[in-house]
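Notes follow once the structure below has been shown.
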Amino acid sequence: MIRFDQVSKRYEGGHEALSQLTFEVAKGEMAFVTGHSGAGKSTLLKLLALIERPSHGHISLDGQSLTKIGQGGIPKLRRSLGMVFQDHRLLMDRTVFANVELPLVIGGIAPQERGRRVRAALEKVGLLDYERQLPASLSTGEQQRVGIARAIVAKPSVLIADEPTGNLDPQLAVEIMSLFAEFQQIGTTVLIASHDLPLIKRMKKRVVVLDHGRLVADVAAEEVL
Amino acid sequence: MTASNEAAVQAPARSERSHRRPVASWREHHGWSASASLRRLGAKPVGSLLTIAVMGLALALPLAFYLLLSNVQSLGDALGRNQVINVFLKTDQVASNAQLLAKQIEQHDGVASVTVKTPQQGMEELSKMQGFSDSLHALDDNPLPYVLEVQPQDGISADTVSHLIDDLRSMQGVDMVQDSGAWRQRLDALLDVGDRAVLILAAMFALAVLLVVGNTVRVDITSRAEEIGVLKLIGASRAFVRRPYLYAGIWYGLFSGLLAVGLALAIELALAEPVARLSQVYEGKLHVGGLPPWLLLAVPVAAAFLGWLGARLVSAWQLRRAA
């Protein structure tokens with residue numbers, strides 16, 4: 001479960017990205033965070049991954065307080081998260097297989113098990129035949145799917161994605177979102193920041209709406225039109 | 001999707017590492033880092049080879065100097081290590097005087113032995129020397145004096161030898177004292193200077209290796225800032241991020257150490273033939289001093305350590321800046 005309790009974030013210079021934000025995402029739930037540019041969507045995800053620290057308030061993940069985690073504990077927290085980025089953040093000089101394998105190498109998983117898990121993740125995103133290719137030889141949509149395979153390969157309990165369909169055409173965007181929905185169905189908590197309202201409506205999942213860092217609407221899945 | 005593959009991506013599992021033996025996990029991390037750093041070196045062969053060549057040459061220089069010194073020492077040994085002081089008596093001194101003086105000198109501190117050489121023995125030695133034989137036949141009388149060959153004790157200081165020579169010069173009946181070991185003392189002193197120079201050179205070039213590796217790793221970390229950022233985002237610890245750079249330092253050091261040893265062996269090989277010819281001149285008494293096996297092993301190991309140290313110092317600083 002993800003829990004934000006009265007969380008505010010003020011950057012150096014005085015800009016308040018989030019203000020008194022309180023909401024929860026239940027274990028195994030999929031939710032979208034949306035809002036216009038600068039609403040605080042990315043900051044929210046950064047706080048969850050401890051890329052940024054909150055100025056005020058309390059954040060917890062599966063009962064663990066993130067506020068109390070020191071610098072040394074950040075890698076362990078991030079290993080429990082799967083992160084997908086708009087710009088994929090792939091290592092372009094490594095093959096698709098090596099990119100997806102990285103979280104397992106970091107996690108100290110044995111090579112044989114790594115191979116099995118990487119191929120399973122690549123099969124899940126439909127890229128099993130691309131494992132020996134370099135990311136640069138793939139299309140943007142395929143690169144994003146490699147990013148998703150990397151995010152899920154270590155079987156994280158929480159998957160967070162920042163504008164994962166930002167650079168994709170509508171058809172590909174639906175495919176990617178459907179993948180996230182599949183992970184939710186197998187028990188993974190999924191939180192996606194996106195400003196693509198038509199796509200969000202189509203997915204019929206919970207939607208948290210931010211405006212200037214404040215929560216202005218929290219729409220349950222069944223209420224999404 | 002197969003059933004096993006489906007299971008592989010299902011069911012969140014957060015602490016698999018804790019179920020595995022820490023040693024196996026540690027070994028896999030190191031194995032991965034070692035091979036990844038080796039691949040990175042191979043990915044830019046020209047740059048890597050140039051770095052290794054510069055470091056190898058820097059390490060080979062003190063080795064070559066060491067090789068040269070050990071051979072000069074060997075040459076000195078072949079020419080004679082014993083320091084003999086020749087005491088030439090006045091020509092009016094007879095055999096009994098020579099024997100008496102020899103006994104007196106034997107009692108002196110620092111003297112190991114005294115040998116009396118008669119004028120006849122001196123004449124025989126001279127006649128064996130090329131070019132002297134004919135001219136000696138022309139002499140009516142033997143003009144040579146009695147000579148006392150004084151052998152100082154092993155390991156006595158230069159000061160003691162100097163005092164001994166002064167005492168010998170002041171003895172009655174002594175015409176001249178010749179210290180035939182002075183050249184050896186001078187050579188030993190020069191070799192001592194050379195030994196010290198080798199140590200200083202080795203220390204300076206070790207520092208150069210440290211700086212070369214450090215700068216190479218610094219540039220590598222700077223060029224891989226994006227990769228480091230990604231690794232940190234997906235949960236890599238600082239130690240994990242840093243490890244490939246430490247291994248890169250070890251590889252640079254190890255390969256340059258091996259290159260230095262190879263160069264030193266090549267120098268040794270190149271010197272072998274002229275030294276063999278020189279040895280023949282000294283009736284085989286000159287033995288070519290090669291690099292000892294322990295040094296051949298120690299140089300790559302020490303260079304690998306230096307590489308690791310340089311990488312460790314710089315990566316700690318550079319990664320802290322990148323954080």
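Starting from 1 in every chain, residues are counted up; chains themselves are A, B, ... following the order of the structure tokens, and ligands are numbered from 1 as listed.
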**Asked** Which residues in range 105-223 of chain A does DSSP call helix (DSSP H, G or I)? List them as JSON, numbers by chain.
**Response** {"A": [105, 106, 111, 112, 113, 114, 115, 116, 117, 118, 119, 120, 121, 122, 123, 124, 128, 129, 130, 135, 136, 137, 140, 141, 142, 143, 144, 145, 146, 147, 148, 149, 150, 151, 152, 170, 171, 172, 173, 174, 175, 176, 177, 178, 179, 180, 181, 182, 183, 184, 185, 197, 198, 199, 200, 201, 202, 203, 221, 222, 223]}
**Prompt:** What residues in chain A lie within 6 Å of chain B, counting only C-alpha atoms, written as a ChimeraX atom specification?
**Reply:** /A:75,78-80,106,108,117,120,155-157
**Request:** Enumerate the residues of range 48-124 of chain B with a DSSP assignment of strand (DSSP E), computed from the backbone, and present them as JSON, numbers by chain.
**Result:** {"B": [85, 86, 87, 88, 89, 111, 112, 113, 114, 115, 116, 117]}
**Asked** Do you know which residues are at most 10 Å from range 25-33 of chain A counting only C-alpha atoms, after dropping those on the same chain fewer than 5 positions away, and could you put them as a PyMOL selection string?
**Response** chain A and resi 1-4+39-42+44-45+61-62+157-163+180-181+183-195+197+200-201+203-210+215+218-221
**Request:** Could you tell me how far CA of Gly257 in chain B lies from CA of Leu306 in chain B, in Å and to one decimal?
**Result:** 10.1 Å
**Shell around Ala203 in chain B at 10 Å using only C-alpha atoms, local window under 6 positions removed, as number ranges by chain** = B: 59, 62, 197, 209
**Message:** So that I can check the surroundings of range 48-50 of chain A, please list as a list in words every protein, DNA and RNA residue that reaches within 8 Å of it, counting only C-alpha atoms and ignoring chain neighbours fewer than 5 positions away.
**Reply:** Ile59, Leu66, Ile74, Leu77, Arg78 and Leu81 of chain A
Could you save those same residues with N, CA and C atoms as a tab-separated table (two decimals), in the first residue's frame?
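File produced: out26.tsv:
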chain	number	residue	atom	x	y	z
A	59	ILE	N	5.28	9.74	4.18
A	59	ILE	CA	4.97	8.80	3.09
A	59	ILE	C	5.33	7.40	3.56
A	66	LEU	N	8.91	5.97	4.59
A	66	LEU	CA	10.01	6.40	3.72
A	66	LEU	C	10.79	7.56	4.34
A	74	ILE	N	18.29	3.76	0.68
A	74	ILE	CA	17.61	4.11	-0.58
A	74	ILE	C	17.73	2.99	-1.64
A	77	LEU	N	15.23	0.26	-1.01
A	77	LEU	CA	13.85	0.68	-1.31
A	77	LEU	C	13.61	0.65	-2.82
A	78	ARG	N	14.57	1.17	-3.57
A	78	ARG	CA	14.39	1.25	-5.03
A	78	ARG	C	14.35	-0.15	-5.66
A	81	LEU	N	10.90	-1.36	-5.84
A	81	LEU	CA	10.03	-0.64	-6.77
A	81	LEU	C	10.40	-1.00	-8.21
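Comparing B:Asp167, B:Arg277, B:Pro293, B:Arg243 by their smallest distance to Gly31 in chain B, the closest is B:Arg243 (using only C-alpha atoms).
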